[in-house]
Amino acid sequence: MTRIITVGAAQLGPIARAESRSQVVERMLSLMHQAKGNGCDMVVFPELALTTFFPRWYFESQEEVDAFFERDMPSVETQPLFDTARKLQLGFYLGYAELIEEQGSLRHFNTSIVVDRNGSIVAKYRKIHLPGHDQHEPWRRFQHLEKRYFETGNLGFTAFRANWGDDAQDAARQGIFGMAICNDRRWSETYRILGLQGVEMILIGYNTPVHNPPAPEHDALSHFHNELVMQSGAYQNGTWVVGVAKAGNEEGVEQIGNSIIVAPSGEIVAACTTTGDELAIARCDLDLCNSYKTTTFNFARHRQPEQYGMIVERKGAIPPP
Ligand code: CDV
């Protein structure tokens, strides 16, 4: 059997601080129409796709921070994304800043959702690996205050089934999906935890500056590292990976583009070539995952988790030099 899902990596160019949600949504709708015209079943938008990447600034006032968050999803401004999904029969992954009342208090998360072709939210994820710092660090050229503005995600890495066909029973259009957000893609745990649940496609939005203030020696390697983590994550877990950037010079900060679609072989099969709004498309056969999941990475047959602790113990026993 082949289960082909045609996916569009819907990269966004820079979003100015003054740009409204509605202006950004217009740009996203244009990518959705392009995607439908090219036979896509779904598109993947970046992390925090509705606004500029606000953690680059230190704000004294919580009110200023909260202005970047969504209290409702869909909201008046984002409803057109959901209406267009239904009209075009095209699903999407969307990253946004979520402000929600939970357990009697206001909570802030860096969140993503998957919306199906009927415009219904079918899964939600909250970013677990929050990079950066929680205090103002004026020595940096720009801040990265995710640890200040967001709480650690509390939904785990949870795989879910999604169906991209007309018919709920159509097995040829169903698959096991997972989500991650930006820095999560650098951690092998992200892929392996989803891999252990049989994931067949991991959707990832990101905002990655070229410049890394604490380690500028990494700057020249930013594309290499971006590809390295997603290609190895895909191969080692026999899964498709779709990584999508918010790219280009946003409010004076250069962000990598390099949005890619990676096959379970680890090969990049589609890529954006600009740092603007751009769509890269791949026809992804989910059954290609089986070739890896049943051979080299047959976890049930070859993984030896009960032995891994012993290796750590033995290492610990090596006397210091
Ligand atoms: N938004 C991110 O999570 N960005 C990080 C940067 C700070 C390194 C990333 O891993 O791309």
# chains A, B, ... in the order shown; residues from 1 in each chain; ligands from 1

$ residues_near_ligand --ligand "ligand 1" --cutoff "8 Å" --atoms "only C-alpha atoms and all ligand atoms" --output "PyMOL selection string"
chain A and resi 47+129-132+144+146+181-186+206-209+212+226

$ residues_around --residues "stretch 263-274 of chain A" --least-positions-apart "4" --cutoff "8 Å" --atoms "only C-alpha atoms" --output "list in words"
Ala9, Gln11, Met230, Gln231, Ser232, Gly233, Ala234, Tyr235, Asn237, Gly238, Thr239, Trp240, Val241, Gly257, Asn258, Ser259, Glu278, Leu279, Ala280, Ile281, Ala282, Cys284, Leu288, Cys289 and Tyr292 of chain A

$ closest_residue --among "A:Ile15, A:Met32, A:Val210, A:Ile5" --to "A:Ala172" --atoms "only C-alpha atoms"
A:Ile5

$ closest_residue --among "A:Leu29, A:Ala123, A:Leu81, A:Val24" --to "A:Ala49" --atoms "only C-alpha atoms"
A:Val24

$ residues_around --residues "A:Arg173" --least-positions-apart "4" --cutoff "12 Å" --atoms "only C-alpha atoms" --output "CSV table (one decimal) with N, CA and C atoms, in the first residue's frame"
chain,number,residue,atom,x,y,z
A,1,MET,N,0.8,-1.2,0.0
A,1,MET,CA,0.0,0.0,0.0
A,1,MET,C,0.9,1.3,0.0
A,2,THR,N,0.4,2.3,-0.6
A,2,THR,CA,1.1,3.6,-0.5
A,2,THR,C,0.1,4.5,0.1
A,3,ARG,N,0.6,5.3,1.0
A,3,ARG,CA,-0.3,6.4,1.6
A,3,ARG,C,0.4,7.7,1.4
A,4,ILE,N,0.0,8.4,0.3
A,4,ILE,CA,0.6,9.6,-0.1
A,4,ILE,C,-0.1,10.8,0.5
A,5,ILE,N,0.7,11.6,1.3
A,5,ILE,CA,0.2,12.9,1.8
A,5,ILE,C,1.0,14.0,1.2
A,6,THR,N,0.4,14.9,0.5
A,6,THR,CA,1.2,16.0,-0.2
A,6,THR,C,1.2,17.1,0.8
A,41,ASP,N,-2.4,18.4,0.6
A,41,ASP,CA,-3.4,18.0,1.6
A,41,ASP,C,-3.3,18.9,2.8
A,42,MET,N,-2.1,19.4,3.1
A,42,MET,CA,-1.9,20.2,4.3
A,42,MET,C,-0.7,21.1,4.1
A,161,ARG,N,-3.4,10.3,15.5
A,161,ARG,CA,-3.8,9.9,14.1
A,161,ARG,C,-4.5,11.0,13.4
A,162,ALA,N,-4.2,11.2,12.2
A,162,ALA,CA,-4.9,12.2,11.4
A,162,ALA,C,-5.3,11.6,10.0
A,163,ASN,N,-6.4,12.0,9.5
A,163,ASN,CA,-6.9,11.5,8.2
A,163,ASN,C,-7.1,12.7,7.3
A,164,TRP,N,-6.4,12.6,6.1
A,164,TRP,CA,-6.4,13.6,5.1
A,164,TRP,C,-7.3,13.3,3.9
A,165,GLY,N,-8.1,12.2,4.1
A,165,GLY,CA,-8.9,11.8,2.9
A,165,GLY,C,-10.3,12.3,3.1
A,166,ASP,N,-11.2,12.1,2.0
A,166,ASP,CA,-12.6,12.5,2.1
A,166,ASP,C,-13.4,11.6,3.0
A,167,ASP,N,-12.9,10.4,3.1
A,167,ASP,CA,-13.7,9.4,3.8
A,167,ASP,C,-12.9,9.0,5.1
A,168,ALA,N,-13.6,9.0,6.2
A,168,ALA,CA,-13.0,8.7,7.5
A,168,ALA,C,-12.4,7.3,7.5
A,169,GLN,N,-13.0,6.4,6.7
A,169,GLN,CA,-12.5,5.0,6.7
A,169,GLN,C,-11.4,4.8,5.7
A,284,CYS,N,4.6,12.8,0.1
A,284,CYS,CA,5.2,12.0,1.1
A,284,CYS,C,4.5,10.7,1.3
A,285,ASP,N,5.2,9.6,0.9
A,285,ASP,CA,4.6,8.3,1.1
A,285,ASP,C,4.8,7.8,2.5
A,286,LEU,N,3.8,7.8,3.3
A,286,LEU,CA,4.0,7.4,4.7
A,286,LEU,C,4.4,5.9,4.9
A,287,ASP,N,4.1,5.1,3.9
A,287,ASP,CA,4.5,3.7,3.9
A,287,ASP,C,6.0,3.5,3.7

$ select_by_dssp --residues "stretch 83-261 of chain A" --states "helix (DSSP H, G or I)" --output "PyMOL selection string"
chain A and resi 83-88+146-149+171-173+182-186+188-195+216-237

$ closest_residue --among "A:Ala180, A:Cys40, A:Val253, A:Ala18" --to "A:Phe142" --atoms "only C-alpha atoms"
A:Val253

$ atom_distance --atom1 "atom CA of A:Leu50" --atom2 "atom CA of A:Glu70"
9.2 Å
